[in-house]
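Structure file work.txt (compact mmCIF, C-alpha atoms and all ligand atoms) follows.
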```
# COMPACT_ATOMS: atom_id res chain seq x y z
CA MET A 763 -10.60 38.53 -16.74
CA THR A 764 -7.68 36.66 -18.23
CA ALA A 765 -8.24 32.90 -18.11
CA THR A 766 -5.70 30.21 -17.18
CA ALA A 767 -6.09 26.46 -17.18
CA PRO A 768 -8.46 25.40 -14.38
CA THR A 769 -6.79 23.86 -11.34
CA THR A 770 -8.08 20.83 -9.52
CA THR A 771 -5.91 21.38 -6.42
CA PRO A 772 -7.68 23.39 -3.70
CA ALA A 773 -5.51 26.06 -2.08
CA HIS A 774 -6.37 24.65 1.36
CA PRO A 775 -6.54 20.93 1.98
CA GLY A 776 -10.08 20.09 2.94
CA PHE A 777 -11.52 23.22 1.41
CA SER A 778 -13.30 22.50 -1.77
CA THR A 779 -13.03 25.44 -4.13
CA VAL A 780 -15.83 25.41 -6.69
CA GLN A 781 -14.02 25.26 -10.01
CA THR A 782 -15.78 27.39 -12.55
CA PRO A 783 -14.23 29.57 -15.24
CA LEU A 784 -14.47 32.61 -12.94
CA ALA A 785 -12.47 30.87 -10.23
CA THR A 786 -9.41 30.56 -12.41
CA ARG A 787 -9.39 34.03 -13.88
CA HIS A 788 -7.25 37.08 -13.25
CA LEU A 789 -7.79 40.82 -13.33
CA THR A 790 -4.84 42.53 -14.97
CA ARG A 791 -6.85 45.34 -16.59
CA VAL A 792 -10.52 46.38 -16.88
CA HIS A 793 -10.74 44.82 -20.34
CA ASP A 794 -10.17 41.38 -18.81
CA LEU A 795 -13.81 41.74 -17.77
CA ALA A 796 -16.58 41.41 -20.34
CA GLN A 797 -18.77 44.50 -20.58
CA HIS A 798 -21.64 42.81 -18.74
CA GLU A 799 -19.23 41.69 -15.99
CA VAL A 800 -18.17 45.30 -15.37
CA GLN A 801 -21.82 46.26 -14.97
CA GLY A 802 -22.56 43.20 -12.84
CA LEU A 803 -19.65 43.84 -10.48
CA LEU A 804 -20.79 47.44 -9.98
CA ALA A 805 -24.29 46.32 -9.06
CA LEU A 806 -22.88 43.66 -6.71
CA ALA A 807 -20.54 46.20 -5.10
CA SER A 808 -23.49 48.45 -4.45
CA ARG A 809 -25.39 45.59 -2.78
CA ILE A 810 -22.36 44.80 -0.60
CA LYS A 811 -22.00 48.45 0.36
CA ARG A 812 -25.62 48.58 1.50
CA ASP A 813 -25.55 45.34 3.47
CA PRO A 814 -22.00 44.15 4.20
CA SER A 815 -23.19 41.91 7.05
CA ALA A 816 -24.85 39.61 4.50
CA TRP A 817 -21.36 38.53 3.37
CA SER A 818 -19.56 38.37 6.71
CA THR A 819 -18.51 34.71 6.34
CA ALA A 820 -18.01 34.58 2.57
CA PHE A 821 -14.21 34.28 2.79
CA GLN A 822 -14.06 32.17 5.95
CA GLY A 823 -11.16 29.70 5.66
CA MET A 824 -9.59 31.68 2.82
CA ALA A 825 -6.37 33.65 2.68
CA LEU A 826 -5.39 36.61 0.50
CA ALA A 827 -1.80 37.72 -0.14
CA LEU A 828 -0.85 41.30 -0.89
CA ALA A 829 2.59 41.78 -2.51
CA PHE A 830 3.38 45.40 -3.31
CA GLU A 831 6.52 46.75 -5.00
CA LYS A 832 5.32 50.34 -4.48
CA PRO A 833 3.84 52.20 -1.47
CA SER A 834 0.09 52.30 -0.82
CA LEU A 835 -2.47 53.61 1.64
CA ARG A 836 -5.89 53.10 0.05
CA THR A 837 -5.23 49.91 -1.85
CA ARG A 838 -3.63 48.05 1.03
CA ALA A 839 -6.17 49.24 3.61
CA SER A 840 -9.21 48.58 1.42
CA PHE A 841 -8.14 45.05 0.45
CA GLU A 842 -7.15 44.16 4.03
CA VAL A 843 -10.26 45.56 5.71
CA GLY A 844 -12.65 44.31 3.03
CA PHE A 845 -11.39 40.73 2.98
CA GLN A 846 -11.25 40.52 6.79
CA LEU A 847 -14.78 41.93 7.18
CA MET A 848 -15.92 39.02 5.02
CA GLY A 849 -14.22 36.49 7.27
CA GLY A 850 -10.92 35.94 5.44
CA SER A 851 -7.27 36.23 6.47
CA VAL A 852 -4.83 38.62 4.80
CA VAL A 853 -1.03 38.59 4.73
CA PHE A 854 0.87 41.64 3.54
CA MET A 855 4.16 40.33 2.12
CA ASP A 856 7.10 42.45 3.13
CA GLN A 857 9.01 43.23 -0.07
CA ARG A 858 12.35 43.27 1.79
CA ASP A 859 11.90 39.63 2.81
CA SER A 860 9.74 38.20 0.07
CA PRO A 861 10.09 40.28 -3.11
CA ILE A 862 8.19 39.05 -6.15
CA GLY A 863 10.59 36.89 -8.18
CA GLN A 864 13.85 38.31 -6.84
CA ARG A 865 15.12 35.78 -4.28
CA GLU A 866 13.93 33.07 -6.63
CA SER A 867 12.30 32.82 -10.03
CA LEU A 868 8.91 34.42 -10.46
CA ASN A 869 7.51 31.00 -11.25
CA ASP A 870 8.85 29.47 -8.00
CA TRP A 871 7.49 32.45 -6.03
CA ALA A 872 4.02 32.05 -7.54
CA ARG A 873 3.96 28.22 -7.28
CA SER A 874 4.86 28.51 -3.60
CA MET A 875 2.32 31.25 -2.88
CA GLU A 876 -0.55 29.25 -4.37
CA ARG A 877 0.01 26.51 -1.75
CA TRP A 878 -1.05 28.92 1.04
CA PHE A 879 -3.25 31.54 -0.57
CA ASP A 880 -6.49 31.68 -2.53
CA ALA A 881 -5.63 34.84 -4.47
CA LEU A 882 -2.70 37.20 -5.05
CA VAL A 883 -3.11 40.97 -5.09
CA VAL A 884 -0.02 42.59 -6.58
CA ARG A 885 1.22 46.13 -7.12
CA THR A 886 4.15 46.08 -9.50
CA MET A 887 6.66 48.40 -11.09
CA SER A 888 6.08 46.84 -14.49
CA HIS A 889 2.87 45.49 -16.00
CA THR A 890 4.90 42.62 -17.47
CA THR A 891 5.31 41.24 -13.92
CA VAL A 892 1.51 41.04 -13.55
CA GLN A 893 1.26 39.29 -16.90
CA ALA A 894 4.07 36.89 -16.05
CA LEU A 895 2.34 36.00 -12.78
CA THR A 896 -0.91 35.19 -14.54
CA ALA A 897 0.99 32.81 -16.79
CA CYS A 898 2.29 30.70 -13.88
CA SER A 899 -0.31 31.15 -11.13
CA SER A 900 -3.22 28.76 -10.73
CA ILE A 901 -4.94 31.13 -8.28
CA PRO A 902 -6.42 34.49 -9.31
CA VAL A 903 -3.97 37.39 -9.67
CA VAL A 904 -5.44 40.87 -9.16
CA ASN A 905 -3.56 43.93 -10.42
CA ALA A 906 -3.54 46.52 -7.64
CA LEU A 907 -1.67 49.02 -9.87
CA SER A 908 1.07 48.63 -12.42
CA ASP A 909 2.76 51.24 -14.58
CA LEU A 910 0.04 50.69 -17.23
CA HIS A 911 -3.21 49.87 -15.42
CA HIS A 912 -5.13 50.39 -12.16
CA PRO A 913 -8.33 48.41 -12.76
CA CYS A 914 -9.58 48.36 -9.15
CA GLN A 915 -9.40 52.15 -9.09
CA ALA A 916 -11.45 52.42 -12.28
CA MET A 917 -14.13 50.09 -10.92
CA ALA A 918 -14.38 52.27 -7.80
CA ASP A 919 -14.56 55.37 -9.99
CA LEU A 920 -17.44 53.90 -12.02
CA LEU A 921 -19.33 53.05 -8.84
CA THR A 922 -18.77 56.59 -7.55
CA LEU A 923 -20.04 58.06 -10.83
CA ALA A 924 -23.06 55.76 -10.67
CA GLU A 925 -23.89 56.91 -7.16
CA ARG A 926 -23.55 60.54 -8.13
CA PHE A 927 -25.26 60.50 -11.53
CA GLY A 928 -27.54 57.43 -11.41
CA SER A 929 -25.42 55.49 -13.92
CA PRO A 930 -21.69 55.44 -14.74
CA ALA A 931 -22.65 56.13 -18.35
CA THR A 932 -24.63 59.33 -17.70
CA PRO A 933 -21.99 61.99 -17.00
CA HIS A 934 -19.56 63.48 -19.47
CA VAL A 935 -16.21 63.10 -17.69
CA ALA A 936 -13.00 64.98 -18.52
CA TRP A 937 -9.63 63.50 -17.61
CA VAL A 938 -7.13 66.37 -17.30
CA GLY A 939 -3.38 65.80 -16.90
CA ASP A 940 -1.09 62.86 -17.53
CA GLY A 941 -2.32 60.01 -19.75
CA ASN A 942 -1.19 57.46 -17.15
CA ASN A 943 -2.19 54.11 -15.62
CA VAL A 944 -5.29 55.53 -13.91
CA CYS A 945 -6.30 57.26 -17.15
CA HIS A 946 -5.89 53.97 -19.09
CA SER A 947 -8.13 52.10 -16.68
CA LEU A 948 -10.72 54.88 -16.60
CA MET A 949 -10.84 54.81 -20.42
CA GLU A 950 -11.36 51.04 -20.38
CA GLY A 951 -14.03 51.36 -17.68
CA ILE A 952 -16.01 54.12 -19.37
CA ALA A 953 -15.73 52.32 -22.71
CA SER A 954 -17.17 49.21 -21.01
CA VAL A 955 -20.24 50.95 -19.62
CA GLY A 956 -21.03 53.04 -22.71
CA GLY A 957 -20.13 56.38 -21.13
CA ARG A 958 -18.51 59.58 -22.37
CA LEU A 959 -14.92 60.64 -21.60
CA THR A 960 -12.72 63.43 -22.94
CA VAL A 961 -9.03 62.94 -22.21
CA ILE A 962 -7.15 66.25 -22.11
CA THR A 963 -3.36 65.94 -21.89
CA PRO A 964 -0.37 67.99 -22.98
CA ALA A 965 1.38 66.85 -26.17
CA GLY A 966 3.77 64.02 -25.38
CA PHE A 967 1.71 62.78 -22.41
CA ALA A 968 -1.29 61.24 -24.17
CA PRO A 969 -2.38 57.73 -23.15
CA SER A 970 -0.78 54.67 -24.76
CA ALA A 971 -1.81 54.39 -28.43
CA GLU A 972 -2.16 50.62 -28.06
CA ILE A 973 -4.58 50.96 -25.14
CA VAL A 974 -6.50 53.68 -26.97
CA ARG A 975 -6.98 51.29 -29.92
CA ALA A 976 -8.36 48.59 -27.61
CA VAL A 977 -10.64 51.15 -25.97
CA GLN A 978 -11.97 52.40 -29.32
CA ALA A 979 -12.80 48.81 -30.30
CA ARG A 980 -14.85 48.40 -27.12
CA CYS A 981 -16.54 51.79 -27.69
CA MET A 982 -17.78 50.51 -31.05
CA ARG A 983 -19.61 47.73 -29.20
CA THR A 984 -20.98 49.76 -26.28
CA GLY A 985 -21.66 53.11 -27.93
CA ALA A 986 -19.22 54.84 -25.57
CA SER A 987 -17.39 57.97 -26.69
CA ILE A 988 -13.73 58.53 -25.80
CA ARG A 989 -12.08 61.61 -27.29
CA LEU A 990 -8.43 62.68 -26.95
CA THR A 991 -7.29 66.31 -27.15
CA HIS A 992 -4.70 68.77 -25.86
CA ASP A 993 -7.25 71.58 -25.67
CA LEU A 994 -8.40 72.57 -22.17
CA ASP A 995 -11.54 74.16 -23.65
CA ALA A 996 -12.76 70.60 -24.22
CA ALA A 997 -13.66 70.64 -20.50
CA LYS A 998 -16.52 73.05 -21.31
CA GLY A 999 -19.80 71.71 -19.96
CA VAL A 1000 -18.44 68.42 -18.56
CA ASN A 1001 -20.09 66.92 -15.47
CA ALA A 1002 -16.90 65.78 -13.77
CA ILE A 1003 -13.19 66.58 -13.97
CA TYR A 1004 -10.71 63.87 -12.95
CA THR A 1005 -6.98 64.34 -12.44
CA ASP A 1006 -4.05 62.43 -10.93
CA THR A 1007 -0.46 63.09 -9.91
CA TRP A 1008 1.80 64.43 -12.65
CA ILE A 1009 4.60 62.08 -11.61
CA SER A 1010 3.61 58.47 -11.00
CA MET A 1011 5.43 56.13 -8.65
CA GLY A 1012 8.61 54.80 -10.20
CA GLU A 1013 8.93 57.65 -12.73
CA THR A 1014 12.18 59.61 -13.00
CA ASP A 1015 13.16 62.73 -14.92
CA ALA A 1016 10.22 64.55 -13.35
CA GLU A 1017 11.02 68.21 -14.07
CA PRO A 1018 10.33 68.41 -17.83
CA LYS A 1019 7.08 66.51 -17.27
CA ARG A 1020 6.01 68.82 -14.45
CA ALA A 1021 6.65 71.84 -16.67
CA ALA A 1022 4.53 70.41 -19.51
CA LEU A 1023 1.68 69.60 -17.12
CA ARG A 1024 1.63 72.89 -15.20
CA PRO A 1025 -0.96 74.55 -17.51
CA TYR A 1026 -3.19 71.50 -16.92
CA GLN A 1027 -3.62 72.11 -13.19
CA VAL A 1028 -7.22 71.65 -12.06
CA ASN A 1029 -8.06 74.95 -10.41
CA ALA A 1030 -11.08 77.25 -10.07
CA GLU A 1031 -10.51 78.66 -13.56
CA LEU A 1032 -10.65 75.18 -15.14
CA MET A 1033 -13.60 74.05 -13.00
CA ALA A 1034 -15.46 77.16 -14.20
CA LYS A 1035 -15.42 75.74 -17.74
CA ALA A 1036 -17.30 72.63 -16.53
CA ALA A 1037 -21.06 72.42 -15.98
CA PRO A 1038 -22.30 74.16 -12.81
CA GLY A 1039 -21.79 71.86 -9.81
CA ALA A 1040 -19.43 69.56 -11.73
CA ALA A 1041 -17.78 66.89 -9.59
CA PHE A 1042 -14.05 66.78 -8.94
CA MET A 1043 -12.35 63.36 -8.93
CA HIS A 1044 -8.86 62.16 -7.96
CA CYS A 1045 -7.64 58.63 -7.18
CA LEU A 1046 -5.37 60.04 -4.42
CA PRO A 1047 -2.75 60.59 -3.15
CA ALA A 1048 -3.07 64.21 -4.29
CA HIS A 1049 -0.23 66.70 -4.59
CA ARG A 1050 -2.03 69.83 -3.49
CA GLY A 1051 -0.80 72.90 -5.32
CA GLU A 1052 0.43 70.79 -8.26
CA GLU A 1053 -2.26 68.91 -10.21
CA VAL A 1054 -5.08 70.34 -8.05
CA THR A 1055 -5.60 73.36 -5.86
CA ASN A 1056 -6.95 73.16 -2.30
CA ASP A 1057 -10.17 75.02 -3.12
CA VAL A 1058 -11.07 72.43 -5.77
CA ILE A 1059 -10.24 69.26 -3.85
CA ASP A 1060 -11.86 70.60 -0.67
CA ALA A 1061 -15.02 71.86 -2.39
CA PRO A 1062 -18.38 70.19 -1.59
CA THR A 1063 -18.40 68.97 -5.22
CA SER A 1064 -15.25 66.92 -4.63
CA ILE A 1065 -16.00 63.17 -4.46
CA VAL A 1066 -12.45 61.97 -3.90
CA PHE A 1067 -13.15 60.25 -0.56
CA ASP A 1068 -16.20 58.46 -2.00
CA GLN A 1069 -13.83 57.10 -4.63
CA ALA A 1070 -11.46 55.98 -1.86
CA GLU A 1071 -14.23 54.27 0.13
CA ASN A 1072 -15.63 52.55 -2.94
CA ARG A 1073 -12.30 50.80 -3.56
CA MET A 1074 -13.25 48.42 -0.78
CA HIS A 1075 -16.73 47.64 -2.06
CA VAL A 1076 -15.72 46.95 -5.67
CA GLN A 1077 -12.75 44.85 -4.60
CA CYS A 1078 -14.97 42.74 -2.33
CA ALA A 1079 -17.37 42.26 -5.25
CA LEU A 1080 -14.50 41.22 -7.51
CA LEU A 1081 -13.06 38.78 -4.97
CA LEU A 1082 -16.51 37.28 -4.38
CA ALA A 1083 -16.90 36.70 -8.11
CA LEU A 1084 -13.42 35.18 -8.34
CA LEU A 1085 -13.38 33.10 -5.16
CA ARG A 1086 -17.04 32.39 -4.32
CA PRO A 1087 -18.87 31.99 -7.63
CA ASP A 1088 -21.01 29.48 -5.72
CA LEU A 1089 -22.36 32.39 -3.63
CA VAL A 1090 -22.81 35.12 -6.21
CA GLU A 1091 -24.26 35.35 -9.62
CA LEU A 1092 -23.36 38.66 -11.19
CA PRO A 1093 -26.46 40.75 -11.93
CA THR A 1094 -26.73 41.24 -15.67
CA THR A 1095 -28.77 44.41 -15.58
CA PHE A 1096 -29.02 47.34 -13.22
CA VAL A 1097 -31.12 50.43 -12.76
CA ALA A 1098 -30.36 53.80 -11.26
CA SER A 1099 -31.98 52.86 -7.96
CA ASP A 1100 -29.27 50.19 -7.50
CA PHE A 1101 -26.86 53.01 -6.78
CA THR A 1102 -28.99 55.47 -4.85
CA SER A 1103 -30.45 54.49 -1.54
N1 LIG B 1 -5.53 55.32 -5.26
C1 LIG B 1 -4.62 54.45 -4.76
O1 LIG B 1 -4.34 53.40 -5.32
O2 LIG B 1 -4.07 54.86 -3.59
P1 LIG B 1 -2.84 54.18 -2.86
O3 LIG B 1 -1.62 54.39 -3.73
O4 LIG B 1 -2.71 54.91 -1.55
O5 LIG B 1 -3.09 52.72 -2.68
N1 LIG B 2 -0.66 57.35 -11.25
C1 LIG B 2 -0.36 57.14 -9.85
C2 LIG B 2 -1.54 56.54 -9.17
C3 LIG B 2 -1.36 56.35 -7.68
C4 LIG B 2 -2.55 55.68 -7.05
C5 LIG B 2 0.87 56.27 -9.71
O1 LIG B 2 1.00 55.28 -10.44
O2 LIG B 2 1.71 56.58 -8.86
```
Show me the file's structure as structure tokens.
Amino acid sequence: MTATAPTTTPAHPGFSTVQTPLATRHLTRVHDLAQHEVQGLLALASRIKRDPSAWSTAFQGMALALAFEKPSLRTRASFEVGFQLMGGSVVFMDQRDSPIGQRESLNDWARSMERWFDALVVRTMSHTTVQALTACSSIPVVNALSDLHHPCQAMADLLTLAERFGSPATPHVAWVGDGNNVCHSLMEGIASVGGRLTVITPAGFAPSAEIVRAVQARCMRTGASIRLTHDLDAAKGVNAIYTDTWISMGETDAEPKRAALRPYQVNAELMAKAAPGAAFMHCLPAHRGEEVTNDVIDAPTSIVFDQAENRMHVQCALLLALLRPDLVELPTTFVASDFTS
């Protein structure tokens, strides 16, 4: 998590926020978390999933703001339901009335928001907006998707892999399609847990070279393997195939991109290259008939709705670590039985 100077002013008068380094940190991308923090949050998320009632008052007296410049189903619902189930209040900021840094400077927007809220969850057109917010906000800023990263999605994906395979590091995963924000965060997540990922994209749609360099540096430390290719045969024998929309929110000039990605559709023929019983993954929303066919996404091996559910559990774990470090100590180790009940 990106660190800012600690604040001594509680968000709510009378509520004493415990000021530790975690309480003043942000999540802009998976790599803001140390490797052991990624693992610890997954184990905590699994504990929350098994016994949510144990945390039902954790956010009592706290307020969370959601400010989204792009549409959302899963992200909005999972943050709202999760925070409320743990006793907190949530306000979804209408972007017509209160756009981030448009009626006033970004700094004035953030400095006002921190007087009412304990954390900001933002979905932005540009990743630079998330970064700018972290520079002026004294409360945690959580990236709920930008053009470059979708860290909460990747954390949910790792938890889903752990549940399915015993550990997020066990399966060989293939990303097939556009080297986009979800792909970047998945690379950072799998690099953090020491897993194995093959990224298969058409030429011209590979992930950002800068992010790949950061990921390779983390792989050196964790023993993870991330390989990039344009060759669909690289999906041979993988344990899971993950895809996403060909055209992300905010992108224009869609037709040439669609044409380049068409051969990379995840269909029965591609799934047949994978190991028998390989899982199918998608962050959703899916564009059926484009990046994935109905038979694949509706197959019993599809774990797309587990991924969607797990958004809530990992986000609650993250917010607990950020806002209630007095309540949780992140587990530093985990075993397969943490994820299988
Ligand atoms: N996966 C995901 O972020 O979904 P939404 O766009 O519906 O929030
Ligand atoms: N890559 C997609 C993910 C949606 C959850 C987008 O940014 O639109």
- prompt: Which residues, written as number ranges by chain, have at least one atom at most 9 Å from Met1043 (chain A), with all atoms listed in the file counted and residues fewer than 2 positions away on the same chain left out?
  reply: A: 919, 1002-1006, 1041, 1045-1046, 1059, 1064-1067, 1069
- prompt: With all atoms listed in the file as the atoms that count, which of A:Pro902, A:Glu876, A:His912, A:Gln893 lies nearest to Arg1086 (chain A)?
  reply: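 Checking each candidate against Arg1086 (chain A), we get A:Pro902 as the closest.
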Top pick for closest residue to ligand LIG 2 (chain B), considering A:His793, A:Arg983, A:Arg885, A:Arg1050 and counting only C-alpha atoms and all ligand atoms: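 Result for the nearest residue to ligand LIG 2 (chain B): A:Arg885.
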Please report as JSON lines every residue of chain A lying within 9 Å of ligand LIG 1 (chain B), along with the nearest atom pair and their distance in Å (one decimal), using all atoms listed in the file.
```
{"residue": "A:Lys832", "atom": "CA", "partner": "B:LIG1", "partner_atom": "O3", "distance": 8.1}
{"residue": "A:Pro833", "atom": "CA", "partner": "B:LIG1", "partner_atom": "O3", "distance": 6.3}
{"residue": "A:Ser834", "atom": "CA", "partner": "B:LIG1", "partner_atom": "O5", "distance": 3.7}
{"residue": "A:Leu835", "atom": "CA", "partner": "B:LIG1", "partner_atom": "O4", "distance": 3.5}
{"residue": "A:Arg836", "atom": "CA", "partner": "B:LIG1", "partner_atom": "O5", "distance": 3.9}
{"residue": "A:Thr837", "atom": "CA", "partner": "B:LIG1", "partner_atom": "O5", "distance": 3.6}
{"residue": "A:Arg838", "atom": "CA", "partner": "B:LIG1", "partner_atom": "O5", "distance": 6.0}
{"residue": "A:Ala839", "atom": "CA", "partner": "B:LIG1", "partner_atom": "O5", "distance": 7.8}
{"residue": "A:Ser840", "atom": "CA", "partner": "B:LIG1", "partner_atom": "O5", "distance": 8.5}
{"residue": "A:Ala906", "atom": "CA", "partner": "B:LIG1", "partner_atom": "O1", "distance": 7.3}
{"residue": "A:Leu907", "atom": "CA", "partner": "B:LIG1", "partner_atom": "O1", "distance": 6.9}
{"residue": "A:His912", "atom": "CA", "partner": "B:LIG1", "partner_atom": "O1", "distance": 7.5}
{"residue": "A:Cys914", "atom": "CA", "partner": "B:LIG1", "partner_atom": "O1", "distance": 8.2}
{"residue": "A:Gln915", "atom": "CA", "partner": "B:LIG1", "partner_atom": "N1", "distance": 6.3}
{"residue": "A:Val944", "atom": "CA", "partner": "B:LIG1", "partner_atom": "N1", "distance": 8.7}
{"residue": "A:Met1011", "atom": "CA", "partner": "B:LIG1", "partner_atom": "O3", "distance": 8.8}
{"residue": "A:His1044", "atom": "CA", "partner": "B:LIG1", "partner_atom": "N1", "distance": 8.1}
{"residue": "A:Cys1045", "atom": "CA", "partner": "B:LIG1", "partner_atom": "N1", "distance": 4.4}
{"residue": "A:Leu1046", "atom": "CA", "partner": "B:LIG1", "partner_atom": "N1", "distance": 4.8}
{"residue": "A:Pro1047", "atom": "CA", "partner": "B:LIG1", "partner_atom": "O2", "distance": 5.9}
{"residue": "A:Gln1069", "atom": "CA", "partner": "B:LIG1", "partner_atom": "N1", "distance": 8.5}
{"residue": "A:Ala1070", "atom": "CA", "partner": "B:LIG1", "partner_atom": "N1", "distance": 6.9}
{"residue": "A:Arg1073", "atom": "CA", "partner": "B:LIG1", "partner_atom": "N1", "distance": 8.3}
```
Write out as a short mmCIF file (atom, residue, chain, number, x, y, z; two decimals) with C-alpha atoms, keeping the file's coordinate frame which residues come within 12 Å of Thr932 (chain A) when counting only C-alpha atoms, dropping same-chain ones fewer than 2 positions away.
```
data_model
loop_
_atom_site.label_atom_id
_atom_site.label_comp_id
_atom_site.auth_asym_id
_atom_site.auth_seq_id
_atom_site.Cartn_x
_atom_site.Cartn_y
_atom_site.Cartn_z
CA LEU A 920 -17.44 53.90 -12.02
CA LEU A 923 -20.04 58.06 -10.83
CA ALA A 924 -23.06 55.76 -10.67
CA GLU A 925 -23.89 56.91 -7.16
CA ARG A 926 -23.55 60.54 -8.13
CA PHE A 927 -25.26 60.50 -11.53
CA GLY A 928 -27.54 57.43 -11.41
CA SER A 929 -25.42 55.49 -13.92
CA PRO A 930 -21.69 55.44 -14.74
CA HIS A 934 -19.56 63.48 -19.47
CA VAL A 935 -16.21 63.10 -17.69
CA ILE A 952 -16.01 54.12 -19.37
CA VAL A 955 -20.24 50.95 -19.62
CA GLY A 956 -21.03 53.04 -22.71
CA GLY A 957 -20.13 56.38 -21.13
CA ARG A 958 -18.51 59.58 -22.37
CA LEU A 959 -14.92 60.64 -21.60
CA ALA A 986 -19.22 54.84 -25.57
CA SER A 987 -17.39 57.97 -26.69
CA VAL A 1000 -18.44 68.42 -18.56
CA ASN A 1001 -20.09 66.92 -15.47
CA ALA A 1002 -16.90 65.78 -13.77
CA ALA A 1098 -30.36 53.80 -11.26
#
```
